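Colleague: This is protein_27.txt, which holds compact mmCIF, C-alpha atoms:
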```txt
# COMPACT_ATOMS: atom_id res chain seq x y z
CA MET N 1 -18.61 -22.46 -5.03
CA THR N 2 -18.40 -21.86 -1.28
CA GLY N 3 -16.93 -18.79 0.37
CA ALA N 4 -13.81 -20.69 1.42
CA ALA N 5 -13.31 -22.03 -2.10
CA ASN N 6 -13.69 -18.52 -3.54
CA ARG N 7 -11.13 -17.12 -1.10
CA ARG N 8 -8.70 -19.94 -1.91
CA ARG N 9 -9.14 -19.34 -5.64
CA GLY N 10 -8.51 -15.61 -5.16
CA ALA N 11 -5.44 -16.24 -3.00
CA ASP N 12 -4.06 -18.67 -5.61
CA ALA N 13 -4.53 -16.04 -8.33
CA GLU N 14 -2.74 -13.44 -6.19
CA ARG N 15 0.17 -15.84 -5.60
CA ARG N 16 0.46 -16.42 -9.36
CA VAL N 17 0.55 -12.66 -10.01
CA VAL N 18 3.22 -12.23 -7.30
CA ALA N 19 5.29 -15.02 -8.87
CA TYR N 20 4.98 -13.33 -12.27
CA LEU N 21 6.00 -9.94 -10.88
CA ARG N 22 8.98 -11.42 -9.02
CA ALA N 23 10.13 -13.20 -12.18
CA ASN N 24 9.83 -9.97 -14.16
CA GLY N 25 11.74 -7.39 -12.18
CA TYR N 26 9.80 -6.88 -8.95
CA PRO N 27 11.59 -9.13 -6.42
CA ASP N 28 9.85 -7.52 -3.44
CA ALA N 29 6.29 -8.12 -4.72
CA ARG N 30 4.05 -9.51 -1.97
CA ARG N 31 0.40 -10.15 -1.19
CA THR N 32 -1.18 -7.82 1.33
CA LEU N 33 -3.67 -8.79 4.00
CA ALA N 34 -7.24 -7.59 3.59
CA GLY N 35 -8.86 -5.70 6.38
CA ASP N 36 -8.83 -1.97 6.98
CA GLY N 37 -8.54 -0.82 3.35
CA LEU N 38 -5.20 0.90 3.98
CA GLN N 39 -3.17 -1.62 2.00
CA PRO N 40 -1.93 -0.75 -1.52
CA GLY N 41 -4.32 -3.24 -3.14
CA ASP N 42 -4.15 -7.03 -3.19
CA ILE N 43 -0.47 -6.95 -4.12
CA ASP N 44 2.23 -4.48 -3.08
CA PHE N 45 4.93 -4.33 -5.75
CA ALA N 46 5.63 -0.72 -6.73
CA PRO N 47 5.15 2.67 -5.09
CA GLY N 48 2.09 4.51 -6.28
CA ILE N 49 0.31 1.46 -7.71
CA HIS N 50 -2.94 -0.04 -6.35
CA LEU N 51 -3.26 -3.57 -7.82
CA GLU N 52 -6.48 -5.59 -7.48
CA VAL N 53 -6.55 -9.23 -8.63
CA LYS N 54 -9.76 -10.96 -9.72
CA ASP N 55 -10.14 -14.65 -10.63
CA VAL N 56 -13.76 -15.17 -11.59
CA ALA N 57 -15.60 -16.74 -14.52
CA SER N 58 -17.73 -13.73 -15.41
CA SER N 59 -16.74 -10.09 -15.49
CA ALA N 60 -18.00 -7.51 -13.04
CA TRP N 61 -15.79 -4.76 -14.46
CA PRO N 62 -17.87 -1.76 -13.30
CA SER N 63 -17.79 -2.85 -9.65
CA TRP N 64 -14.10 -3.87 -9.81
CA ARG N 65 -13.18 -0.50 -11.29
CA LEU N 66 -15.19 1.29 -8.64
CA GLN N 67 -13.53 -0.75 -5.87
CA ALA N 68 -10.05 0.00 -7.18
CA VAL N 69 -10.77 3.71 -7.63
CA ASN N 70 -12.39 4.02 -4.18
CA GLU N 71 -9.52 2.23 -2.43
CA CYS N 72 -6.52 3.61 -4.36
CA ARG N 73 -6.04 6.71 -2.14
CA GLY N 74 -4.09 8.64 -4.76
CA ARG N 75 -2.30 5.63 -6.25
CA ILE N 76 -2.81 4.42 -9.81
CA PRO N 77 -5.59 1.79 -9.76
CA ILE N 78 -4.99 -1.39 -11.81
CA VAL N 79 -7.30 -4.42 -12.01
CA VAL N 80 -5.92 -7.77 -13.20
CA ARG N 81 -8.37 -10.53 -14.15
CA ARG N 82 -7.37 -14.10 -14.83
```
Show me this structure written as structure tokens.
Modeller:
Amino acid sequence: MTGAANRRRGADAERRVVAYLRANGYPDARRTLAGDGLQPGDIDFAPGIHLEVKDVASSAWPSWRLQAVNECRGRIPIVVRR
């Protein structure tokens, strides 16, 4: 899969998680833009939560966990995999 296809797949997964959160009590859930690492994860939906979304065929749990922990800046790190 190409880089663009991977990004599209990841963005689609994030949109599905946002739709789920909005339908289940988090109407202000939104995707965040990647860049400087100051965002509260891939999705901003609740104070104090750092949510990373992964949509890949094979697990890379150790690196995902490390990414979430390194970027959480005091928030609770959560990784969601489709």
Colleague: So, counting all atoms listed in the file, which residue among N:Gly74, N:Glu14, N:Leu66, N:Arg82 is closest to Pro47 of chain N?
Modeller: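 Of N:Gly74, N:Glu14, N:Leu66, N:Arg82, the one nearest Pro47 of chain N is N:Gly74, counting all atoms listed in the file.
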Colleague: Give me, please, the distance in Å between atom CA of Thr32 of chain N and atom CA of Gly10 of chain N, quoted to one decimal.
Modeller: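 Spanning atom CA of Thr32 of chain N to atom CA of Gly10 of chain N is a straight-line distance of 12.5 Å.
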Colleague: What gap, in Å, lies between atom CA of Asp55 of chain N and atom CA of Gly3 of chain N?
Modeller: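 Atom-to-atom, atom CA of Asp55 of chain N and atom CA of Gly3 of chain N are spaced 13.6 Å apart.
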Colleague: So how many Å separate atom CA of Trp61 of chain N and atom CA of Val80 of chain N, to one decimal?
Modeller: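 Separation of atom CA of Trp61 of chain N and atom CA of Val80 of chain N: 10.4 Å.
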Colleague: Looking at N:Ala13, N:Ala68, N:Ala4, N:Leu21, which one is nearest to Gln39 of chain N, with distances taken over all atoms listed in the file?
Modeller: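 With all atoms listed in the file as the atom set, the closest residue is N:Ala68.
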Colleague: When distances are computed from all atoms listed in the file, which of N:Arg65, N:His50, N:Arg31, N:Arg73 shows the smallest separation from Val17 of chain N?
Modeller: N:Arg31
Colleague: Name the residues in contact with Ile49 of chain N at a cut-off of 8 Å, using only C-alpha atoms, excluding same-chain residues fewer than 3 positions from it; report them as a list of chain:residue names.
Modeller: N:Pro40, N:Asp44, N:Phe45, N:Ala46, N:Cys72, N:Arg75, N:Ile76, N:Pro77, N:Ile78
Colleague: Kindly complete segment 1-12 of chain N to all heavy atoms; the output should be written as a PDB file, in the coordinates of the input.
Modeller:
```pdb
ATOM      1  N   MET N   1     -19.852 -22.382  -5.764  1.00  0.00           N
ATOM      2  CA  MET N   1     -18.610 -22.460  -5.030  1.00  0.00           C
ATOM      3  C   MET N   1     -18.814 -21.818  -3.659  1.00  0.00           C
ATOM      4  O   MET N   1     -19.485 -20.798  -3.539  1.00  0.00           O
ATOM      5  CB  MET N   1     -17.521 -21.733  -5.826  1.00  0.00           C
ATOM      6  CG  MET N   1     -16.127 -22.125  -5.414  1.00  0.00           C
ATOM      7  SD  MET N   1     -14.824 -21.324  -6.368  1.00  0.00           S
ATOM      8  CE  MET N   1     -14.862 -22.258  -7.866  1.00  0.00           C
ATOM      9  N   THR N   2     -18.234 -22.383  -2.639  1.00  0.00           N
ATOM     10  CA  THR N   2     -18.400 -21.860  -1.280  1.00  0.00           C
ATOM     11  C   THR N   2     -17.503 -20.652  -1.053  1.00  0.00           C
ATOM     12  O   THR N   2     -16.589 -20.385  -1.825  1.00  0.00           O
ATOM     13  CB  THR N   2     -18.045 -22.934  -0.242  1.00  0.00           C
ATOM     14  OG1 THR N   2     -16.644 -23.207  -0.331  1.00  0.00           O
ATOM     15  CG2 THR N   2     -18.847 -24.197  -0.443  1.00  0.00           C
ATOM     16  N   GLY N   3     -17.753 -19.943   0.035  1.00  0.00           N
ATOM     17  CA  GLY N   3     -16.930 -18.790   0.370  1.00  0.00           C
ATOM     18  C   GLY N   3     -15.468 -19.149   0.545  1.00  0.00           C
ATOM     19  O   GLY N   3     -14.585 -18.437   0.079  1.00  0.00           O
ATOM     20  N   ALA N   4     -15.200 -20.272   1.215  1.00  0.00           N
ATOM     21  CA  ALA N   4     -13.810 -20.690   1.420  1.00  0.00           C
ATOM     22  C   ALA N   4     -13.140 -21.029   0.094  1.00  0.00           C
ATOM     23  O   ALA N   4     -11.977 -20.683  -0.130  1.00  0.00           O
ATOM     24  CB  ALA N   4     -13.767 -21.901   2.357  1.00  0.00           C
ATOM     25  N   ALA N   5     -13.864 -21.683  -0.800  1.00  0.00           N
ATOM     26  CA  ALA N   5     -13.310 -22.030  -2.100  1.00  0.00           C
ATOM     27  C   ALA N   5     -13.020 -20.767  -2.915  1.00  0.00           C
ATOM     28  O   ALA N   5     -11.997 -20.680  -3.601  1.00  0.00           O
ATOM     29  CB  ALA N   5     -14.249 -22.951  -2.864  1.00  0.00           C
ATOM     30  N   ASN N   6     -13.908 -19.784  -2.837  1.00  0.00           N
ATOM     31  CA  ASN N   6     -13.690 -18.520  -3.540  1.00  0.00           C
ATOM     32  C   ASN N   6     -12.458 -17.789  -3.010  1.00  0.00           C
ATOM     33  O   ASN N   6     -11.665 -17.253  -3.786  1.00  0.00           O
ATOM     34  CB  ASN N   6     -14.909 -17.605  -3.416  1.00  0.00           C
ATOM     35  CG  ASN N   6     -16.035 -18.024  -4.323  1.00  0.00           C
ATOM     36  OD1 ASN N   6     -15.819 -18.648  -5.350  1.00  0.00           O
ATOM     37  ND2 ASN N   6     -17.245 -17.677  -3.937  1.00  0.00           N
ATOM     38  N   ARG N   7     -12.302 -17.769  -1.691  1.00  0.00           N
ATOM     39  CA  ARG N   7     -11.130 -17.120  -1.100  1.00  0.00           C
ATOM     40  C   ARG N   7      -9.847 -17.833  -1.500  1.00  0.00           C
ATOM     41  O   ARG N   7      -8.841 -17.193  -1.809  1.00  0.00           O
ATOM     42  CB  ARG N   7     -11.261 -17.061   0.423  1.00  0.00           C
ATOM     43  CG  ARG N   7     -12.266 -16.018   0.896  1.00  0.00           C
ATOM     44  CD  ARG N   7     -12.230 -15.833   2.402  1.00  0.00           C
ATOM     45  NE  ARG N   7     -12.566 -17.051   3.130  1.00  0.00           N
ATOM     46  CZ  ARG N   7     -13.796 -17.456   3.401  1.00  0.00           C
ATOM     47  NH1 ARG N   7     -14.826 -16.749   2.986  1.00  0.00           N
ATOM     48  NH2 ARG N   7     -14.014 -18.559   4.078  1.00  0.00           N
ATOM     49  N   ARG N   8      -9.879 -19.161  -1.513  1.00  0.00           N
ATOM     50  CA  ARG N   8      -8.700 -19.940  -1.910  1.00  0.00           C
ATOM     51  C   ARG N   8      -8.348 -19.665  -3.367  1.00  0.00           C
ATOM     52  O   ARG N   8      -7.189 -19.460  -3.715  1.00  0.00           O
ATOM     53  CB  ARG N   8      -8.956 -21.428  -1.670  1.00  0.00           C
ATOM     54  CG  ARG N   8      -7.752 -22.309  -1.944  1.00  0.00           C
ATOM     55  CD  ARG N   8      -7.950 -23.769  -1.523  1.00  0.00           C
ATOM     56  NE  ARG N   8      -9.275 -24.306  -1.783  1.00  0.00           N
ATOM     57  CZ  ARG N   8     -10.223 -24.500  -0.843  1.00  0.00           C
ATOM     58  NH1 ARG N   8      -9.978 -24.210   0.418  1.00  0.00           N
ATOM     59  NH2 ARG N   8     -11.400 -24.987  -1.162  1.00  0.00           N
ATOM     60  N   ARG N   9      -9.364 -19.624  -4.220  1.00  0.00           N
ATOM     61  CA  ARG N   9      -9.140 -19.340  -5.640  1.00  0.00           C
ATOM     62  C   ARG N   9      -8.528 -17.943  -5.816  1.00  0.00           C
ATOM     63  O   ARG N   9      -7.587 -17.753  -6.588  1.00  0.00           O
ATOM     64  CB  ARG N   9     -10.458 -19.445  -6.395  1.00  0.00           C
ATOM     65  CG  ARG N   9     -10.334 -19.211  -7.872  1.00  0.00           C
ATOM     66  CD  ARG N   9     -11.671 -19.449  -8.536  1.00  0.00           C
ATOM     67  NE  ARG N   9     -11.617 -19.078  -9.928  1.00  0.00           N
ATOM     68  CZ  ARG N   9     -12.546 -19.354 -10.803  1.00  0.00           C
ATOM     69  NH1 ARG N   9     -13.631 -19.999 -10.431  1.00  0.00           N
ATOM     70  NH2 ARG N   9     -12.423 -18.980 -12.055  1.00  0.00           N
ATOM     71  N   GLY N  10      -9.058 -16.959  -5.090  1.00  0.00           N
ATOM     72  CA  GLY N  10      -8.510 -15.610  -5.160  1.00  0.00           C
ATOM     73  C   GLY N  10      -7.080 -15.537  -4.658  1.00  0.00           C
ATOM     74  O   GLY N  10      -6.233 -14.880  -5.258  1.00  0.00           O
ATOM     75  N   ALA N  11      -6.800 -16.224  -3.550  1.00  0.00           N
ATOM     76  CA  ALA N  11      -5.440 -16.240  -3.000  1.00  0.00           C
ATOM     77  C   ALA N  11      -4.476 -16.914  -3.969  1.00  0.00           C
ATOM     78  O   ALA N  11      -3.340 -16.452  -4.149  1.00  0.00           O
ATOM     79  CB  ALA N  11      -5.426 -16.952  -1.651  1.00  0.00           C
ATOM     80  N   ASP N  12      -4.909 -17.990  -4.615  1.00  0.00           N
ATOM     81  CA  ASP N  12      -4.060 -18.670  -5.610  1.00  0.00           C
ATOM     82  C   ASP N  12      -3.744 -17.732  -6.772  1.00  0.00           C
ATOM     83  O   ASP N  12      -2.607 -17.675  -7.249  1.00  0.00           O
ATOM     84  CB  ASP N  12      -4.733 -19.941  -6.128  1.00  0.00           C
ATOM     85  CG  ASP N  12      -4.776 -21.055  -5.101  1.00  0.00           C
ATOM     86  OD1 ASP N  12      -4.049 -20.976  -4.081  1.00  0.00           O
ATOM     87  OD2 ASP N  12      -5.549 -22.017  -5.316  1.00  0.00           O
TER      88      ASP N  12
END
```
